[in-house]
Amino acid sequence: MKYILNSGIYSLLMAAFLALTVYPQNFGEITVKTWPDDRKAAFSFTFDDGLLSQSTNAKQILEQFGFRGSFYFVTSTLTEQLPGVWRYGSWNEFTQMAANGHEVGSHTVTHLNLTNIPAGDTLTEGTILYELYRSAKKIQEKIPFEKAFSIAYPFTAHNQLVDSLSAKFYLSGRGGGNNFNNSSLTGLDYFKLKCKENYFNLPRNSPEDDLDELNDFIAYTQSAIDQGKWAMLLAHEVVPFSEIGGIINSTWYPMSNEWLTALCQWLYSKSSANEIWVETTANVTKYIRQRESFLYQLIAQNDSTIKFIPADTLDNLIYNLSLTVDVLVPSDWEEVIFQQGSVLQTLNTLTIGQNTFARINIIPDGGEVTLLKKTTANSFAVTGNVLYHNSQNTPVENVLLVLSRQDGVQFFAESDENGSFTFPSILSGTYNLSISKNENWGGVNSTDALFIMKGYSSQLTLDSLQTAAADVNNDGFLTFSDAEMVMKRFSRLINSFAGPDWIFSLNNSQIIVSSSNINLNVEALTSGDVNKSYIPQ
Ligand SMILES: [Zn+2]
């Protein structure tokens with residue numbers, strides 16, 4: 001089977017369908033939306049130089065609106081802790097910011113103009129390669145859970161050489177340019193990102209004096225929305241307006257808290273209206289790159305099921321965002337059941353022109369995607385409880401339940417702290433139910449070994465679940481060797497049994513969904529807990 005490239009090669013797509021001759025229409029055809037949730041445009045906040053005011057002021061303002069920014073620092077200027085050098089912050093703060101989901105990117109090691117120095121190498125100070133590589137490496141060392149995905153060029157200065165060298169270490173690079181970026185990028189376009197900076201004009205006696213720049217910036221972002229593009233703000237210092245006068249001559253065009261808050265309010269309204277996607281430079285870059293390299297393999301297509309495998313050609317450790325896609329479905333599908341991995345949702349389809357689509361968020365390389373037509377006549381809830389087989393009927397949480405259909409489609413549910421689980425929408429059919437749990441084995445001691453011995457010598461009657469829990473060597477019989485194995489594990493001579501650590505009633509049973517909702521009562525025992533003494537937490 002071939003992957004179908006999602007780059008508008010319609011004839012290739014049609015050829016694939018003709019070869020299959022499954023259906024007259026191209027159901028299952030997939031279009032990746034330009035931006036997540038079909039938003040019209042993207043927006044990134046970028047802050048240069050790693051200044052203390054960014055972690056004390058900008059961070060809080062952004063987070064108040066649920067936004068995250070990209071912060072670019074000059075690695076040689078950050079100190080371990082406060083107080084910092086001049087107005088710079090410390091590694092402590094920026095590590096905290098990264099932990100909160102902000103992007104920490106590179107603004108090089110020493111803030112040299114990269115267009116004025118030689119390419120050099122990663123060991124020679126004062127060269128482009130040294131500045132690019134050493135700053136990324138330092139960030140990785142200092143913030144091990146983060147990686148510098150993008151770079152902001154000092155003085156926004158860059159050229160073809162700087163761009164091509166940056167591509168060795170980063171996913172994207174941001175210059176200046178007072179413009180916005182296309183929604184699709186290729187090659188070194190990713191290293192020529194443009195942004196808009198605010199050169200606040202004088203006088204600045206009150207916050208109102210900065211209103212013209214606010215309106216100007218909003219107009220810039222609105223045009224990005226109108227054109228479906230990616231807008232970026234470049235800022236440096238962010239301080240209360242009352243402090244602007246004190247630093248205006250010593251730092252680069254400081255922005256006021258009031259100004260940034262007003263911009264955030266406007267962006268928040270646009271974001272709530274699904275018009276703009278506010279994300280870090282790294283994540284917007286990743287989304288575009290994933291969209292541009294998206295592939296899929298259609299593996300089933302009939303009047304009730306569409307199945308495909310989404311993929312991309314990228315490193316899954318870095319490129320792990322979900323993509324919003326529209327999947328063409330037959331026009332009589334009003335609701336669809338969507339599943340990928342452990343994600344299971346029921347969604348309404350949408351109609352655009354003559355076509356009906358399921359709009360879903362999928363992870364390329366995140367496993368097979370199944371879309372099933374849902375009808376009220378054929379879809380039912382399967383619910384139930386998992387309770388421990390002790391006298392208290394203690395609820396058992398984190399039990400994984402899987403319903404598997406003969407064609408390989410699987411549905412997943414997990415029990416909650418009350419032991420309850422729900423498969424909200426299961427099409428009628430015959431399913432195999434498998435039940436498992438990996439953690440929190442316990443409750444087994446020498447009394448259980450005694451119960452097993454009494455059980456196989458018929459001095460004690462064990463019920464079916466107790467019998468299954470007693471067969472710890474998993475050979476289908478109760479013998480002395482089961483009792484011996486229990487003693488060995490209790491004495492820590494072994495640390496597992498031959499079978500699973502948890503035994504469930506209804507495991508591997510057939511579930512037939514036909515005309516009504518189903519409720520299942522699942523009983524659990526840990527393997528070996530024949531006397532039912534365990535109380536799982
Ligand atoms: Zn700078």
# chains A, B, ... in the order shown; residues from 1 in each chain; ligands from 1

$ residues_near_ligand --ligand "ligand 1" --cutoff "7 Å" --atoms "only C-alpha atoms and all ligand atoms" --output "MDAnalysis selection string"
chainID A and resid 48:49 107 111 154:155

$ write_last_selection --atoms "N, CA, C and O atoms" --output "PDB file, in the first residue's frame"
ATOM      1  N   ASP A  48      12.674  39.352  23.215  1.00  0.00           N
ATOM      2  CA  ASP A  48      14.112  39.174  23.036  1.00  0.00           C
ATOM      3  C   ASP A  48      14.905  39.597  24.271  1.00  0.00           C
ATOM      4  O   ASP A  48      14.449  40.419  25.072  1.00  0.00           O
ATOM      5  N   ASP A  49      16.082  39.028  24.397  1.00  0.00           N
ATOM      6  CA  ASP A  49      17.146  39.456  25.311  1.00  0.00           C
ATOM      7  C   ASP A  49      17.099  38.838  26.713  1.00  0.00           C
ATOM      8  O   ASP A  49      18.017  39.028  27.493  1.00  0.00           O
ATOM      9  N   HIS A 107      18.871  33.511  21.595  1.00  0.00           N
ATOM     10  CA  HIS A 107      19.170  34.829  21.028  1.00  0.00           C
ATOM     11  C   HIS A 107      20.696  34.942  20.967  1.00  0.00           C
ATOM     12  O   HIS A 107      21.246  36.013  21.146  1.00  0.00           O
ATOM     13  N   HIS A 111      25.123  37.922  21.599  1.00  0.00           N
ATOM     14  CA  HIS A 111      24.396  38.996  20.920  1.00  0.00           C
ATOM     15  C   HIS A 111      25.257  39.743  19.910  1.00  0.00           C
ATOM     16  O   HIS A 111      25.157  40.964  19.751  1.00  0.00           O
ATOM     17  N   PRO A 154      20.056  38.337  16.788  1.00  0.00           N
ATOM     18  CA  PRO A 154      20.345  39.624  17.436  1.00  0.00           C
ATOM     19  C   PRO A 154      20.199  40.773  16.433  1.00  0.00           C
ATOM     20  O   PRO A 154      20.585  40.633  15.270  1.00  0.00           O
ATOM     21  N   PHE A 155      19.646  41.863  16.877  1.00  0.00           N
ATOM     22  CA  PHE A 155      19.370  43.044  16.034  1.00  0.00           C
ATOM     23  C   PHE A 155      18.469  42.681  14.848  1.00  0.00           C
ATOM     24  O   PHE A 155      18.413  43.405  13.871  1.00  0.00           O
TER      25      PHE A 155
END

$ residues_around --residues "stretch 341-352 of chain A" --least-positions-apart "5" --cutoff "9 Å" --atoms "only C-alpha atoms" --output "list in words"
Val329, Ser331, Trp333, Glu334, Glu335, Val336, Phe357, Ala358, Arg359, Ile360, Gly366, Gly367, Glu368, Val369, Lys374, Gln410, Phe411, Phe412, Ala413, Phe423, Pro424 and Ser425 of chain A

$ residues_around --residues "A:Phe145" --least-positions-apart "2" --cutoff "12 Å" --atoms "only C-alpha atoms" --output "compact mmCIF listing (two decimals) with N, CA, C and O atoms, in the first residue's frame"
# COMPACT_ATOMS: atom_id res chain seq x y z
N THR A 95 13.76 28.77 33.57
CA THR A 95 13.43 27.35 33.72
C THR A 95 11.99 27.21 34.17
O THR A 95 11.24 26.38 33.67
N GLN A 96 11.59 28.06 35.12
CA GLN A 96 10.22 28.07 35.61
C GLN A 96 9.24 28.38 34.47
O GLN A 96 8.17 27.77 34.35
N MET A 97 9.63 29.33 33.63
CA MET A 97 8.76 29.70 32.52
C MET A 97 8.61 28.54 31.54
O MET A 97 7.51 28.27 31.05
N ALA A 98 9.71 27.86 31.28
CA ALA A 98 9.64 26.70 30.37
C ALA A 98 8.72 25.64 30.97
O ALA A 98 7.91 25.03 30.26
N ALA A 99 8.80 25.46 32.29
CA ALA A 99 7.95 24.47 32.95
C ALA A 99 6.48 24.86 32.81
O ALA A 99 5.60 24.00 32.80
N ASN A 100 6.21 26.16 32.70
CA ASN A 100 4.82 26.64 32.53
C ASN A 100 4.36 26.59 31.07
O ASN A 100 3.27 27.06 30.77
N GLY A 101 5.20 26.10 30.17
CA GLY A 101 4.77 25.94 28.78
C GLY A 101 5.22 27.04 27.85
O GLY A 101 4.89 27.03 26.67
N GLU A 103 7.99 29.04 25.57
CA GLU A 103 9.14 28.57 24.80
C GLU A 103 10.38 29.33 25.23
O GLU A 103 10.33 30.56 25.37
N VAL A 104 11.47 28.61 25.48
CA VAL A 104 12.73 29.30 25.68
C VAL A 104 13.60 29.04 24.46
O VAL A 104 13.94 27.91 24.16
N ILE A 139 21.28 25.98 26.54
CA ILE A 139 19.87 25.91 26.95
C ILE A 139 19.50 24.47 27.29
O ILE A 139 18.86 24.18 28.30
N GLN A 140 19.95 23.55 26.46
CA GLN A 140 19.66 22.13 26.70
C GLN A 140 20.29 21.66 28.02
O GLN A 140 19.67 20.91 28.77
N GLU A 141 21.50 22.16 28.30
CA GLU A 141 22.17 21.78 29.55
C GLU A 141 21.45 22.34 30.77
O GLU A 141 21.27 21.66 31.77
N LYS A 142 21.05 23.61 30.66
CA LYS A 142 20.46 24.28 31.81
C LYS A 142 19.01 23.88 32.03
O LYS A 142 18.53 23.87 33.16
N ILE A 143 18.30 23.61 30.96
CA ILE A 143 16.89 23.25 31.07
C ILE A 143 16.70 21.92 30.34
O ILE A 143 16.26 21.88 29.18
N LYS A 147 14.20 22.19 24.76
CA LYS A 147 15.18 22.22 23.69
C LYS A 147 14.95 23.56 23.00
O LYS A 147 13.80 23.99 22.86
N ALA A 148 16.01 24.23 22.60
CA ALA A 148 15.83 25.50 21.89
C ALA A 148 15.41 25.18 20.47
O ALA A 148 16.22 24.78 19.65

$ residues_around --residues "A:Thr370" --least-positions-apart "2" --cutoff "9 Å" --atoms "only C-alpha atoms" --output "PDB file with N, CA and C atoms, in the first residue's frame"
ATOM      1  N   ALA A 300      -9.639   1.480   4.871  1.00  0.00           N
ATOM      2  CA  ALA A 300     -11.002   0.957   4.761  1.00  0.00           C
ATOM      3  C   ALA A 300     -11.907   2.106   4.376  1.00  0.00           C
ATOM      4  N   THR A 305     -17.852   2.877   7.501  1.00  0.00           N
ATOM      5  CA  THR A 305     -16.527   2.922   8.130  1.00  0.00           C
ATOM      6  C   THR A 305     -15.494   3.553   7.202  1.00  0.00           C
ATOM      7  N   ILE A 306     -14.690   4.459   7.777  1.00  0.00           N
ATOM      8  CA  ILE A 306     -13.498   4.943   7.063  1.00  0.00           C
ATOM      9  C   ILE A 306     -12.334   4.764   8.027  1.00  0.00           C
ATOM     10  N   LYS A 307     -11.290   4.119   7.532  1.00  0.00           N
ATOM     11  CA  LYS A 307     -10.109   3.916   8.375  1.00  0.00           C
ATOM     12  C   LYS A 307      -8.877   4.354   7.600  1.00  0.00           C
ATOM     13  N   PHE A 308      -7.989   5.049   8.304  1.00  0.00           N
ATOM     14  CA  PHE A 308      -6.740   5.425   7.636  1.00  0.00           C
ATOM     15  C   PHE A 308      -5.610   5.510   8.651  1.00  0.00           C
ATOM     16  N   ILE A 309      -4.407   5.469   8.143  1.00  0.00           N
ATOM     17  CA  ILE A 309      -3.226   5.623   8.994  1.00  0.00           C
ATOM     18  C   ILE A 309      -2.573   6.951   8.650  1.00  0.00           C
ATOM     19  N   ILE A 337     -18.422   8.439  15.034  1.00  0.00           N
ATOM     20  CA  ILE A 337     -17.636   8.020  16.190  1.00  0.00           C
ATOM     21  C   ILE A 337     -16.194   8.002  15.707  1.00  0.00           C
ATOM     22  N   PHE A 338     -15.375   8.807  16.371  1.00  0.00           N
ATOM     23  CA  PHE A 338     -13.969   8.956  15.952  1.00  0.00           C
ATOM     24  C   PHE A 338     -13.066   8.333  17.000  1.00  0.00           C
ATOM     25  N   GLN A 339     -12.122   7.543  16.540  1.00  0.00           N
ATOM     26  CA  GLN A 339     -11.171   6.982  17.484  1.00  0.00           C
ATOM     27  C   GLN A 339      -9.762   6.971  16.920  1.00  0.00           C
ATOM     28  N   GLN A 340      -8.809   7.412  17.759  1.00  0.00           N
ATOM     29  CA  GLN A 340      -7.385   7.187  17.487  1.00  0.00           C
ATOM     30  C   GLN A 340      -6.736   6.889  18.828  1.00  0.00           C
ATOM     31  N   GLU A 368      -3.667   4.169  13.909  1.00  0.00           N
ATOM     32  CA  GLU A 368      -4.786   4.112  12.980  1.00  0.00           C
ATOM     33  C   GLU A 368      -5.959   4.989  13.446  1.00  0.00           C
ATOM     34  N   LEU A 372     -16.597   5.934  12.267  1.00  0.00           N
ATOM     35  CA  LEU A 372     -17.748   5.068  12.071  1.00  0.00           C
ATOM     36  C   LEU A 372     -18.983   5.941  11.996  1.00  0.00           C
ATOM     37  N   VAL A 409     -11.352  -3.203  14.733  1.00  0.00           N
ATOM     38  CA  VAL A 409     -11.629  -1.920  15.386  1.00  0.00           C
ATOM     39  C   VAL A 409     -11.702  -2.130  16.889  1.00  0.00           C
TER      40      VAL A 409
END

$ residues_around --residues "A:Ser184" --least-positions-apart "5" --cutoff "10 Å" --atoms "only C-alpha atoms" --output "JSON, numbers by chain"
{"A": [34, 189, 190, 229, 230, 285, 288, 289, 291, 292]}

$ select_by_dssp --residues "stretch 185-400 of chain A" --states "helix (DSSP H, G or I)" --output "PyMOL selection string"
chain A and resi 187-191+207-227+241-247+257-272+281-292

$ write_last_selection --atoms "C-alpha atoms" --output "mmCIF file, in the first residue's frame"
data_model
loop_
_atom_site.group_PDB
_atom_site.id
_atom_site.type_symbol
_atom_site.label_atom_id
_atom_site.label_comp_id
_atom_site.auth_asym_id
_atom_site.auth_seq_id
_atom_site.Cartn_x
_atom_site.Cartn_y
_atom_site.Cartn_z
ATOM 1 C CA GLY A 187 13.134 25.346 2.962
ATOM 2 C CA LEU A 188 14.866 28.381 4.388
ATOM 3 C CA ASP A 189 11.552 30.321 4.579
ATOM 4 C CA TYR A 190 11.360 28.951 8.108
ATOM 5 C CA PHE A 191 14.487 30.960 8.955
ATOM 6 C CA PRO A 207 -0.588 55.143 28.696
ATOM 7 C CA GLU A 208 -2.851 56.929 26.186
ATOM 8 C CA ASP A 209 0.241 58.215 24.378
ATOM 9 C CA ASP A 210 0.911 54.601 23.325
ATOM 10 C CA LEU A 211 -2.590 54.046 21.929
ATOM 11 C CA ASP A 212 -1.587 54.837 18.347
ATOM 12 C CA GLU A 213 0.941 51.977 18.459
ATOM 13 C CA LEU A 214 -1.722 49.681 19.933
ATOM 14 C CA ASN A 215 -4.187 50.497 17.158
ATOM 15 C CA ASP A 216 -1.454 50.100 14.605
ATOM 16 C CA PHE A 217 -0.516 46.692 15.986
ATOM 17 C CA ILE A 218 -4.130 45.545 16.110
ATOM 18 C CA ALA A 219 -4.568 46.619 12.476
ATOM 19 C CA TYR A 220 -1.471 44.586 11.564
ATOM 20 C CA THR A 221 -2.829 41.495 13.341
ATOM 21 C CA GLN A 222 -6.304 41.965 11.867
ATOM 22 C CA SER A 223 -4.797 41.920 8.358
ATOM 23 C CA ALA A 224 -3.030 38.694 9.246
ATOM 24 C CA ILE A 225 -6.435 37.280 10.228
ATOM 25 C CA ASP A 226 -8.013 38.554 7.012
ATOM 26 C CA GLN A 227 -5.246 36.949 4.959
ATOM 27 C CA PHE A 241 3.766 52.444 32.608
ATOM 28 C CA SER A 242 4.842 54.380 35.696
ATOM 29 C CA GLU A 243 8.363 52.904 35.320
ATOM 30 C CA ILE A 244 8.771 53.654 31.605
ATOM 31 C CA GLY A 245 10.186 57.151 32.148
ATOM 32 C CA GLY A 246 12.988 55.799 34.343
ATOM 33 C CA ILE A 247 14.337 53.335 31.781
ATOM 34 C CA ASN A 257 2.110 46.284 31.218
ATOM 35 C CA GLU A 258 -0.999 48.250 30.331
ATOM 36 C CA TRP A 259 -0.202 48.096 26.607
ATOM 37 C CA LEU A 260 0.493 44.355 26.626
ATOM 38 C CA THR A 261 -2.652 43.698 28.676
ATOM 39 C CA ALA A 262 -4.791 45.650 26.209
ATOM 40 C CA LEU A 263 -3.310 43.695 23.299
ATOM 41 C CA CYS A 264 -3.934 40.409 25.137
ATOM 42 C CA GLN A 265 -7.568 41.403 25.745
ATOM 43 C CA TRP A 266 -8.059 42.010 22.031
ATOM 44 C CA LEU A 267 -6.291 38.761 21.096
ATOM 45 C CA TYR A 268 -8.309 36.875 23.694
ATOM 46 C CA SER A 269 -11.570 37.996 22.097
ATOM 47 C CA LYS A 270 -10.270 36.961 18.677
ATOM 48 C CA SER A 271 -9.049 33.651 20.011
ATOM 49 C CA SER A 272 -12.377 32.965 21.761
ATOM 50 C CA THR A 281 6.977 30.171 17.570
ATOM 51 C CA ALA A 282 8.105 26.572 18.095
ATOM 52 C CA ASN A 283 4.590 25.146 18.092
ATOM 53 C CA VAL A 284 3.412 27.156 15.106
ATOM 54 C CA THR A 285 6.550 26.034 13.259
ATOM 55 C CA LYS A 286 5.848 22.428 14.194
ATOM 56 C CA TYR A 287 2.232 22.626 13.047
ATOM 57 C CA ILE A 288 3.246 24.020 9.652
ATOM 58 C CA ARG A 289 5.999 21.447 9.192
ATOM 59 C CA GLN A 290 3.680 18.607 10.192
ATOM 60 C CA ARG A 291 0.960 19.892 7.865
ATOM 61 C CA GLU A 292 3.431 20.211 4.998
#

$ decode --residues "stretch 189-204 of chain A" --atoms "N, CA, C and O atoms" --output "JSON list (two decimals), in the first residue's frame"
[["chain", "number", "residue", "atom", "x", "y", "z"],
["A", 189, "ASP", "N", 12.62, 29.39, 4.16],
["A", 189, "ASP", "CA", 11.55, 30.32, 4.58],
["A", 189, "ASP", "C", 11.37, 30.29, 6.10],
["A", 189, "ASP", "O", 11.05, 31.30, 6.71],
["A", 190, "TYR", "N", 11.55, 29.11, 6.66],
["A", 190, "TYR", "CA", 11.36, 28.95, 8.11],
["A", 190, "TYR", "C", 12.36, 29.79, 8.91],
["A", 190, "TYR", "O", 12.17, 30.01, 10.09],
["A", 191, "PHE", "N", 13.44, 30.20, 8.25],
["A", 191, "PHE", "CA", 14.49, 30.96, 8.95],
["A", 191, "PHE", "C", 14.48, 32.44, 8.58],
["A", 191, "PHE", "O", 15.42, 33.17, 8.84],
["A", 192, "LYS", "N", 13.37, 32.86, 7.98],
["A", 192, "LYS", "CA", 13.22, 34.27, 7.60],
["A", 192, "LYS", "C", 11.93, 34.81, 8.21],
["A", 192, "LYS", "O", 11.24, 35.63, 7.60],
["A", 193, "LEU", "N", 11.56, 34.31, 9.39],
["A", 193, "LEU", "CA", 10.28, 34.73, 9.97],
["A", 193, "LEU", "C", 10.30, 36.22, 10.28],
["A", 193, "LEU", "O", 11.30, 36.76, 10.76],
["A", 194, "LYS", "N", 9.17, 36.83, 9.97],
["A", 194, "LYS", "CA", 9.05, 38.29, 10.17],
["A", 194, "LYS", "C", 8.12, 38.58, 11.35],
["A", 194, "LYS", "O", 7.26, 37.77, 11.69],
["A", 195, "CYS", "N", 8.34, 39.76, 11.94],
["A", 195, "CYS", "CA", 7.51, 40.15, 13.08],
["A", 195, "CYS", "C", 7.31, 41.66, 13.03],
["A", 195, "CYS", "O", 7.90, 42.34, 12.19],
["A", 196, "LYS", "N", 6.47, 42.14, 13.91],
["A", 196, "LYS", "CA", 6.29, 43.59, 14.00],
["A", 196, "LYS", "C", 6.74, 44.06, 15.37],
["A", 196, "LYS", "O", 6.36, 43.50, 16.40],
["A", 197, "GLU", "N", 7.57, 45.09, 15.36],
["A", 197, "GLU", "CA", 8.09, 45.68, 16.58],
["A", 197, "GLU", "C", 7.42, 47.04, 16.77],
["A", 197, "GLU", "O", 7.02, 47.65, 15.79],
["A", 198, "ASN", "N", 7.30, 47.48, 18.00],
["A", 198, "ASN", "CA", 6.66, 48.78, 18.25],
["A", 198, "ASN", "C", 7.69, 49.83, 18.66],
["A", 198, "ASN", "O", 8.30, 49.71, 19.70],
["A", 199, "TYR", "N", 7.87, 50.82, 17.79],
["A", 199, "TYR", "CA", 8.79, 51.92, 18.11],
["A", 199, "TYR", "C", 7.95, 53.03, 18.71],
["A", 199, "TYR", "O", 7.51, 53.93, 18.01],
["A", 200, "PHE", "N", 7.68, 52.89, 20.01],
["A", 200, "PHE", "CA", 6.78, 53.84, 20.68],
["A", 200, "PHE", "C", 7.31, 55.27, 20.53],
["A", 200, "PHE", "O", 8.43, 55.56, 20.95],
["A", 201, "ASN", "N", 6.49, 56.14, 19.94],
["A", 201, "ASN", "CA", 6.99, 57.50, 19.72],
["A", 201, "ASN", "C", 6.74, 58.38, 20.96],
["A", 201, "ASN", "O", 5.90, 58.09, 21.79],
["A", 202, "LEU", "N", 7.52, 59.43, 21.03],
["A", 202, "LEU", "CA", 7.45, 60.37, 22.16],
["A", 202, "LEU", "C", 6.44, 61.47, 21.84],
["A", 202, "LEU", "O", 6.20, 61.74, 20.65],
["A", 203, "PRO", "N", 5.80, 62.09, 22.80],
["A", 203, "PRO", "CA", 6.01, 61.86, 24.24],
["A", 203, "PRO", "C", 5.29, 60.62, 24.73],
["A", 203, "PRO", "O", 4.37, 60.15, 24.09],
["A", 204, "ARG", "N", 5.73, 60.11, 25.87],
["A", 204, "ARG", "CA", 5.05, 58.98, 26.52],
["A", 204, "ARG", "C", 4.74, 59.38, 27.96],
["A", 204, "ARG", "O", 5.30, 58.86, 28.91]]
